[in-house]
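Enquirer: Got structure.csv for you, CSV, C-alpha atoms (C1' of nucleotides):
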chain,number,residue,atom,x,y,z
G,1,MET,CA,3.8,2.1,2.7
G,2,PRO,CA,4.3,-0.4,0.0
G,3,GLU,CA,2.2,0.9,-2.9
G,4,LEU,CA,2.1,-0.3,-6.5
G,5,PRO,CA,5.8,0.3,-7.4
G,6,GLU,CA,7.1,-1.5,-4.3
G,7,VAL,CA,4.8,-4.5,-4.8
G,8,GLU,CA,5.9,-4.6,-8.4
G,9,VAL,CA,9.5,-4.6,-7.4
G,10,VAL,CA,9.0,-7.4,-4.9
G,11,LYS,CA,7.1,-9.4,-7.5
G,12,GLU,CA,10.0,-9.1,-10.0
G,13,SER,CA,12.6,-10.1,-7.5
G,14,LEU,CA,10.6,-13.1,-6.4
G,15,LYS,CA,10.0,-14.1,-10.0
G,16,ASN,CA,13.8,-14.3,-10.5
G,17,THR,CA,14.3,-16.5,-7.4
G,18,ILE,CA,11.4,-18.8,-6.5
G,19,ILE,CA,9.6,-19.8,-9.8
G,20,ASN,CA,9.6,-23.5,-10.3
G,21,LEU,CA,10.6,-24.1,-6.7
G,22,ILE,CA,8.4,-26.2,-4.4
G,23,PHE,CA,7.2,-25.4,-0.9
G,24,LYS,CA,8.4,-28.1,1.4
G,25,LYS,CA,7.3,-26.7,4.8
G,26,VAL,CA,5.7,-23.6,6.4
G,27,ILE,CA,6.4,-22.4,9.9
G,28,ILE,CA,4.2,-19.8,11.5
G,29,ASN,CA,6.0,-17.9,14.3
G,30,SER,CA,3.1,-15.6,15.0
G,31,ASN,CA,-0.4,-15.9,13.6
G,32,ASN,CA,-1.8,-12.5,14.4
G,33,LEU,CA,-1.3,-10.6,11.2
G,34,ARG,CA,-4.3,-8.7,10.0
G,35,TYR,CA,-6.2,-12.0,9.4
G,36,LYS,CA,-5.4,-15.3,11.0
G,37,ILE,CA,-3.8,-17.7,8.6
G,38,ASN,CA,-5.8,-20.8,8.1
G,39,LYS,CA,-3.4,-23.7,8.8
G,40,ARG,CA,-5.5,-26.2,6.9
G,41,ASP,CA,-5.2,-24.0,3.8
G,42,LEU,CA,-1.5,-23.6,4.4
G,43,ASN,CA,-1.0,-27.4,4.3
G,44,LYS,CA,-2.5,-27.4,0.8
G,45,ILE,CA,0.6,-25.6,-0.5
G,46,ILE,CA,3.0,-28.2,0.7
G,47,ASN,CA,4.8,-30.0,-2.2
G,48,LYS,CA,3.3,-27.6,-4.7
G,49,LYS,CA,5.3,-25.8,-7.3
G,50,VAL,CA,5.4,-22.0,-7.9
G,51,LEU,CA,4.2,-21.5,-11.5
G,52,SER,CA,4.0,-17.7,-11.7
G,53,ILE,CA,4.0,-14.6,-9.6
G,54,THR,CA,1.7,-11.7,-10.5
G,55,ARG,CA,0.4,-8.5,-9.0
G,56,ARG,CA,-3.0,-6.9,-8.9
G,57,SER,CA,-3.1,-3.5,-7.3
G,58,LYS,CA,-1.0,-3.8,-4.1
G,59,TYR,CA,-1.6,-7.5,-3.8
G,60,LEU,CA,1.1,-10.1,-4.6
G,61,LEU,CA,-0.1,-13.4,-6.1
G,62,ILE,CA,1.9,-16.5,-6.0
G,63,ASN,CA,0.2,-19.0,-8.3
G,64,LEU,CA,0.8,-22.7,-7.6
G,65,SER,CA,0.6,-25.9,-9.5
G,66,ASN,CA,-2.6,-27.1,-7.7
G,67,LYS,CA,-4.7,-24.1,-8.9
G,68,MET,CA,-4.3,-22.3,-5.6
G,69,THR,CA,-2.9,-18.8,-5.1
G,70,ILE,CA,-1.1,-17.3,-2.1
G,71,VAL,CA,-2.4,-13.8,-1.8
G,72,ILE,CA,-0.2,-11.4,0.1
G,73,HIS,CA,-0.8,-7.8,1.1
G,74,LEU,CA,2.2,-6.1,2.6
G,75,GLY,CA,0.2,-3.6,4.7
G,76,MET,CA,2.5,-0.9,6.0
G,77,THR,CA,5.7,-2.7,6.8
G,78,GLY,CA,5.5,-6.2,5.2
G,79,LYS,CA,8.5,-7.5,3.4
G,80,PHE,CA,10.2,-10.7,2.2
G,81,PHE,CA,13.7,-11.9,3.0
G,82,LEU,CA,15.2,-14.7,1.0
G,83,VAL,CA,17.9,-16.4,3.0
G,84,ASN,CA,20.1,-19.5,2.5
G,85,LYS,CA,20.6,-22.4,5.0
G,86,THR,CA,22.9,-20.5,7.2
G,87,ASN,CA,20.6,-17.6,7.6
G,88,GLN,CA,22.9,-15.3,5.7
G,89,ILE,CA,22.1,-13.1,2.8
G,90,LYS,CA,24.7,-11.6,0.6
G,91,LYS,CA,27.0,-9.3,2.4
G,92,THR,CA,27.7,-6.7,-0.2
G,93,SER,CA,27.1,-3.1,0.5
G,94,PHE,CA,24.0,-3.2,-1.6
G,95,TYR,CA,22.4,-5.9,0.3
G,96,TYR,CA,20.5,-5.5,3.5
G,97,GLN,CA,21.8,-7.3,6.6
G,98,ILE,CA,19.1,-9.1,8.6
G,99,THR,CA,19.6,-8.0,12.2
G,100,LYS,CA,18.4,-9.5,15.5
G,101,LYS,CA,15.8,-6.7,15.6
G,102,ASP,CA,14.4,-7.9,12.3
G,103,GLU,CA,14.2,-11.5,13.4
G,104,LYS,CA,11.6,-10.6,16.0
G,105,HIS,CA,9.2,-9.8,13.2
G,106,ASN,CA,9.8,-12.9,11.0
G,107,HIS,CA,6.2,-14.1,11.2
G,108,VAL,CA,6.0,-16.8,8.5
G,109,ILE,CA,8.8,-18.9,7.1
G,110,PHE,CA,8.4,-20.9,3.8
G,111,LEU,CA,11.0,-23.5,3.3
G,112,LEU,CA,11.7,-24.1,-0.4
G,113,SER,CA,13.0,-27.1,-2.3
G,114,ASN,CA,16.4,-25.6,-2.8
G,115,ASN,CA,16.8,-25.1,1.0
G,116,VAL,CA,16.3,-21.4,0.7
G,117,LYS,CA,13.9,-19.8,3.1
G,118,LEU,CA,11.3,-17.3,2.1
G,119,ILE,CA,10.6,-15.2,5.2
G,120,TYR,CA,7.6,-12.9,5.6
G,121,ASN,CA,8.6,-10.1,8.0
G,122,ASP,CA,6.2,-7.4,9.1
G,123,VAL,CA,6.9,-5.0,12.0
G,124,ARG,CA,3.4,-3.5,12.2
G,125,LYS,CA,1.6,-6.7,11.3
G,126,PHE,CA,-0.9,-4.9,9.1
G,127,GLY,CA,-0.2,-7.2,6.2
G,128,PHE,CA,-1.8,-10.6,5.6
G,129,ILE,CA,-1.4,-13.9,3.8
G,130,LYS,CA,-4.4,-15.9,2.4
G,131,ILE,CA,-4.6,-19.0,0.4
G,132,ILE,CA,-7.4,-19.0,-2.2
G,133,LEU,CA,-8.4,-20.9,-5.3
G,134,SER,CA,-6.8,-19.2,-8.3
G,135,GLY,CA,-10.1,-19.3,-10.2
G,136,ASN,CA,-11.8,-17.4,-7.4
G,137,ILE,CA,-9.6,-14.3,-7.4
G,138,LYS,CA,-11.9,-12.1,-9.4
G,139,GLN,CA,-14.9,-12.8,-7.2
G,140,ASN,CA,-12.9,-12.5,-4.0
G,141,ALA,CA,-14.0,-9.6,-1.8
G,142,HIS,CA,-10.6,-8.0,-1.9
G,143,PHE,CA,-10.4,-8.0,-5.7
G,144,LYS,CA,-13.9,-7.4,-6.9
G,145,ILE,CA,-14.1,-3.8,-5.7
G,146,LEU,CA,-10.8,-2.8,-7.3
G,147,GLY,CA,-10.8,-0.1,-10.0
G,148,PRO,CA,-8.5,-0.3,-13.0
G,149,GLU,CA,-4.7,-0.6,-12.8
G,150,PRO,CA,-3.1,2.8,-13.4
G,151,PHE,CA,-1.1,1.4,-16.4
G,152,SER,CA,-4.2,-0.1,-18.0
G,153,LYS,CA,-5.9,1.5,-21.0
G,154,ASN,CA,-9.1,1.6,-18.9
G,155,PHE,CA,-7.6,4.3,-16.7
G,156,ASN,CA,-8.4,7.0,-19.3
G,157,ILE,CA,-10.0,10.5,-19.6
G,158,LYS,CA,-13.4,9.1,-20.3
G,159,TYR,CA,-13.4,6.8,-17.3
G,160,PHE,CA,-12.0,9.5,-15.0
G,161,LYS,CA,-14.5,12.1,-16.1
G,162,ASN,CA,-17.4,9.7,-15.8
G,163,TYR,CA,-16.4,8.7,-12.3
G,164,LEU,CA,-16.4,12.3,-11.1
G,165,ILE,CA,-20.0,12.8,-12.1
G,166,ASN,CA,-22.0,13.6,-8.9
G,167,LYS,CA,-18.9,13.2,-6.7
G,168,ASN,CA,-18.3,15.9,-4.1
G,169,ARG,CA,-14.9,14.9,-2.7
G,170,THR,CA,-11.4,16.1,-2.7
G,171,ILE,CA,-9.3,15.0,-5.6
G,172,LYS,CA,-6.8,13.5,-3.2
G,173,ASP,CA,-9.4,11.3,-1.6
G,174,ILE,CA,-10.6,10.1,-5.0
G,175,LEU,CA,-7.1,9.2,-6.1
G,176,MET,CA,-6.5,7.2,-2.9
G,177,ASP,CA,-9.8,5.3,-3.4
G,178,GLN,CA,-8.9,1.8,-4.6
G,179,ARG,CA,-12.4,1.5,-6.2
G,180,PHE,CA,-11.5,4.4,-8.5
G,181,VAL,CA,-7.9,3.4,-9.4
G,182,SER,CA,-6.0,0.6,-7.7
G,183,GLY,CA,-2.5,0.7,-6.5
G,184,LEU,CA,-2.0,4.4,-5.4
G,185,GLY,CA,-1.4,5.3,-1.8
G,186,ASN,CA,-0.7,8.4,0.2
G,187,ILE,CA,2.9,8.9,-1.0
G,188,TYR,CA,2.4,8.7,-4.7
G,189,VAL,CA,-0.9,10.6,-4.7
G,190,ASN,CA,0.9,13.5,-2.9
G,191,GLU,CA,3.6,13.4,-5.6
G,192,VAL,CA,1.3,13.1,-8.5
G,193,LEU,CA,-0.8,16.1,-7.4
G,194,PHE,CA,2.4,18.2,-7.0
G,195,LEU,CA,3.6,17.3,-10.5
G,196,SER,CA,0.1,18.2,-11.8
G,197,ASN,CA,0.1,21.6,-10.0
G,198,ILE,CA,-3.2,20.7,-8.3
G,199,LYS,CA,-3.9,21.5,-4.6
G,200,PRO,CA,-4.9,18.2,-2.9
G,201,SER,CA,-7.9,19.7,-1.3
G,202,THR,CA,-9.4,20.7,-4.6
G,203,ASN,CA,-13.0,19.5,-5.0
G,204,SER,CA,-13.2,16.9,-7.8
G,205,LYS,CA,-15.9,18.9,-9.5
G,206,LYS,CA,-13.3,21.5,-10.3
G,207,ILE,CA,-11.0,19.1,-12.1
G,208,ASP,CA,-11.4,19.8,-15.8
G,209,ASP,CA,-10.3,17.7,-18.8
G,210,LYS,CA,-6.9,19.3,-19.0
G,211,LYS,CA,-6.2,18.5,-15.3
G,212,ILE,CA,-7.5,14.9,-15.7
G,213,LYS,CA,-5.2,14.4,-18.7
G,214,ASN,CA,-2.3,15.7,-16.6
G,215,ILE,CA,-3.1,13.5,-13.6
G,216,ILE,CA,-3.3,10.4,-15.7
G,217,LYS,CA,0.0,11.2,-17.5
G,218,ASN,CA,1.8,12.0,-14.3
G,219,THR,CA,0.5,9.0,-12.5
G,220,LYS,CA,1.8,6.6,-15.1
G,221,GLN,CA,5.1,8.5,-15.3
G,222,ILE,CA,5.9,8.6,-11.6
G,223,LEU,CA,4.9,5.0,-11.0
G,224,LYS,CA,7.1,3.9,-13.9
G,225,LYS,CA,10.0,5.9,-12.8
G,226,SER,CA,9.8,4.5,-9.2
G,227,ILE,CA,9.6,0.9,-10.4
G,228,LYS,CA,12.7,1.6,-12.5
G,229,GLN,CA,14.5,2.8,-9.4
G,230,GLY,CA,13.5,-0.2,-7.2
G,231,GLY,CA,10.6,1.6,-5.5
G,232,SER,CA,10.9,3.8,-2.4
G,233,SER,CA,12.9,2.6,0.6
G,234,ILE,CA,11.3,4.5,3.5
G,235,LYS,CA,10.6,2.6,6.7
G,236,ASN,CA,13.0,0.0,5.5
G,237,PHE,CA,11.4,-1.2,2.3
G,238,ASN,CA,13.5,-3.8,0.5
G,239,ASP,CA,12.9,-6.3,-2.3
G,240,SER,CA,13.2,-10.0,-1.4
G,241,ASN,CA,16.9,-9.9,-1.9
G,242,GLY,CA,17.3,-7.1,0.6
G,243,LYS,CA,18.0,-4.6,-2.1
G,244,GLN,CA,16.8,-1.1,-1.3
G,245,GLY,CA,15.0,1.2,-3.7
G,246,HIS,CA,16.0,4.7,-4.4
G,247,PHE,CA,12.9,6.5,-5.5
G,248,GLN,CA,12.6,8.3,-2.2
G,249,GLN,CA,15.3,10.6,-3.4
G,250,ASN,CA,12.9,11.8,-6.0
G,251,PHE,CA,10.2,12.7,-3.5
G,252,ARG,CA,9.3,16.4,-4.2
G,253,VAL,CA,6.7,16.9,-1.4
G,254,TYR,CA,6.2,13.8,0.7
G,255,GLY,CA,7.7,14.3,4.1
G,256,LYS,CA,9.2,17.6,3.0
G,257,GLU,CA,7.3,20.0,5.2
G,258,GLY,CA,9.1,23.4,5.4
G,259,VAL,CA,11.4,22.6,2.4
G,260,LYS,CA,11.5,25.1,-0.5
G,261,CYS,CA,9.7,24.2,-3.7
G,262,HIS,CA,12.1,24.0,-6.6
G,263,LYS,CA,9.6,23.7,-9.4
G,264,GLY,CA,10.7,26.2,-12.1
G,265,LYS,CA,10.9,29.6,-10.5
G,266,CYS,CA,8.5,28.8,-7.8
G,267,LYS,CA,9.9,29.8,-4.4
G,268,GLY,CA,7.0,28.5,-2.3
G,269,VAL,CA,7.4,26.3,0.7
G,270,ILE,CA,6.0,22.8,1.2
G,271,LYS,CA,3.1,22.8,3.7
G,272,ARG,CA,1.5,19.9,5.5
G,273,SER,CA,-2.2,19.4,6.2
G,274,PHE,CA,-4.6,16.5,6.8
G,275,ILE,CA,-7.0,15.1,4.2
G,276,SER,CA,-9.0,12.0,5.0
G,277,ASN,CA,-6.9,11.8,8.1
G,278,ARG,CA,-3.7,11.4,6.1
G,279,SER,CA,-0.6,13.6,6.0
G,280,THR,CA,-0.9,15.7,3.0
G,281,PHE,CA,2.0,17.7,1.5
G,282,PHE,CA,1.8,20.4,-1.1
G,283,CYS,CA,3.3,23.6,-2.3
G,284,SER,CA,1.0,26.4,-1.3
G,285,ARG,CA,2.2,28.5,-4.2
G,286,CYS,CA,2.3,26.4,-7.4
G,287,GLN,CA,-0.5,23.9,-6.5
G,288,LYS,CA,-3.8,25.7,-7.2
S,289,DT,C1',2.1,8.4,27.7
S,290,DT,C1',1.1,10.1,23.4
S,291,DC,C1',1.7,10.5,18.6
S,292,DT,C1',2.5,8.7,14.2
S,293,DT,C1',2.1,5.5,10.3
S,294,DT,C1',-1.4,2.7,6.4
S,295,DG,C1',-5.4,0.5,4.1
S,296,DT,C1',-9.8,-0.7,5.0
S,297,DT,C1',-14.2,-0.7,7.3
S,298,DC,C1',-17.8,1.2,9.8
S,299,DC,C1',-21.0,4.6,11.3
S,300,DG,C1',-23.7,8.9,11.6
S,301,DG,C1',-25.5,12.7,9.3
S,302,DA,C1',-27.1,14.9,5.2
N,303,DG,C1',-30.5,4.0,-0.8
N,304,DT,C1',-26.3,6.9,-1.6
N,305,DC,C1',-22.6,9.8,-0.5
N,306,DC,C1',-19.2,11.8,2.4
N,307,DG,C1',-16.2,12.7,6.3
N,308,DG,C1',-14.4,11.2,10.4
N,309,DA,C1',-13.3,7.7,13.6
N,310,DA,C1',-11.7,3.2,14.6
N,311,DC,C1',-8.7,-0.7,14.1
N,312,DA,C1',-4.5,-3.4,13.7
N,313,DA,C1',1.0,-3.0,16.3
N,314,DA,C1',5.1,-1.0,17.6
N,315,DG,C1',8.6,2.5,17.8
N,316,DA,C1',10.1,7.1,18.9
Spit out the file's structure as structure tokens when you get a sec.
Expert:
Amino acid sequence: MPELPEVEVVKESLKNTIINLIFKKVIINSNNLRYKINKRDLNKIINKKVLSITRRSKYLLINLSNKMTIVIHLGMTGKFFLVNKTNQIKKTSFYYQITKKDEKHNHVIFLLSNNVKLIYNDVRKFGFIKIILSGNIKQNAHFKILGPEPFSKNFNIKYFKNYLINKNRTIKDILMDQRFVSGLGNIYVNEVLFLSNIKPSTNSKKIDDKKIKNIIKNTKQILKKSIKQGGSSIKNFNDSNGKQGHFQQNFRVYGKEGVKCHKGKCKGVIKRSFISNRSTFFCSRCQK
DNA sequence: TTCTTTGTTCCGGA
DNA sequence: GTCCGGAACAAAGA
């Protein structure tokens, strides 16, 4: 669920709150996330300072003063809570209230030098936390296969066109492939193809230069817009201050099966199908 | 009980 | 060897 915009929003909120703080203690409540956390590695972060927080694709990177990096992937439902000593977070209407139900899924708790707790919460436990040497990130198995970031200048028409040579897959499958472009998931790919008037099942061989140009433009635009609105809060996505995003209000097709398409004068209806075993939403009229 | 959700990996067939 | 599509896997809620 958290795709590039959501990870970017979490990164920014953590930047504002934990940079220059020191990890004092780590408590593991359950150690069966996607990968088991190596406790010896976890000890290495104790008394180390947070220098910077960055993002690559859907990975969050917390870079520490001892040249180690905490790599976090949020999986489907991973999120961070930042709470003070008394386990309370701000009680304004804009802030999310941690409930008893949430507490059940607080898997890893990082105690910071200002007595604030950084809590990793993950209902489905598909996320993971790994500690690696900062210098090894590029060679790391998770990172070395990643294609360009959608915002980078390397994600351009020439690259796109070249990648499609000899490919015989649906355009949706290609866009979701992290080796091609990194950071997009099912939700944003559905939205990008809708904006681009392209049917998700179109074979990538039939994607001409004009369509490529359109996809690139719409990808950058939609991601940017979502980041600006705090990401999409479906399935309870929040940033680390518990703030919700609002981009889900801009979904035009995702989760909208049976809803009328409002693009221009199109009076089509949003349909749902499966591509690569994923829910796929599109307007059967204006997406050709 | 079954279905749904996601990113990633694996496997069989072409 | 490579490409592609489908299945499997993780866990939990509805």
Enquirer: Write out as number ranges by chain the residues lying within 12 Å of S:DT293, counting all atoms listed in the file and excluding same-chain residues fewer than 6 positions away.
Expert: G: 1, 75-77, 123-124, 126, 186-187, 234-235, 277-279; N: 312-316
Enquirer: Suppose you want the space between atom CA of G:Lys172 and atom CA of G:Leu195; what is it in Å?
Expert: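 Answer for the atom CA of G:Lys172 to atom CA of G:Leu195 separation: 13.3 Å.
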Enquirer: At a cut-off of 8 Å from (-17.0, 14.3, 1.9) in the coordinates of the file, what residues are picked up using all atoms listed in the file, written as a list in words?
Expert: Asn168, Arg169 and Thr170 of chain G; DC305, DC306 and DG307 of chain N
Enquirer: Which chain S residues are at most 12 Å from chain G (counting only C-alpha atoms (C1' of nucleotides)), as a PyMOL selection string?
Expert: chain S and resi 292-296
Enquirer: Between atom CA of G:Arg252 and atom CA of G:Lys217, what is the spacing in Å?
Expert: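 Taking atom CA of G:Lys217 as the start and atom CA of G:Arg252 as the end point, the length is 17.0 Å.
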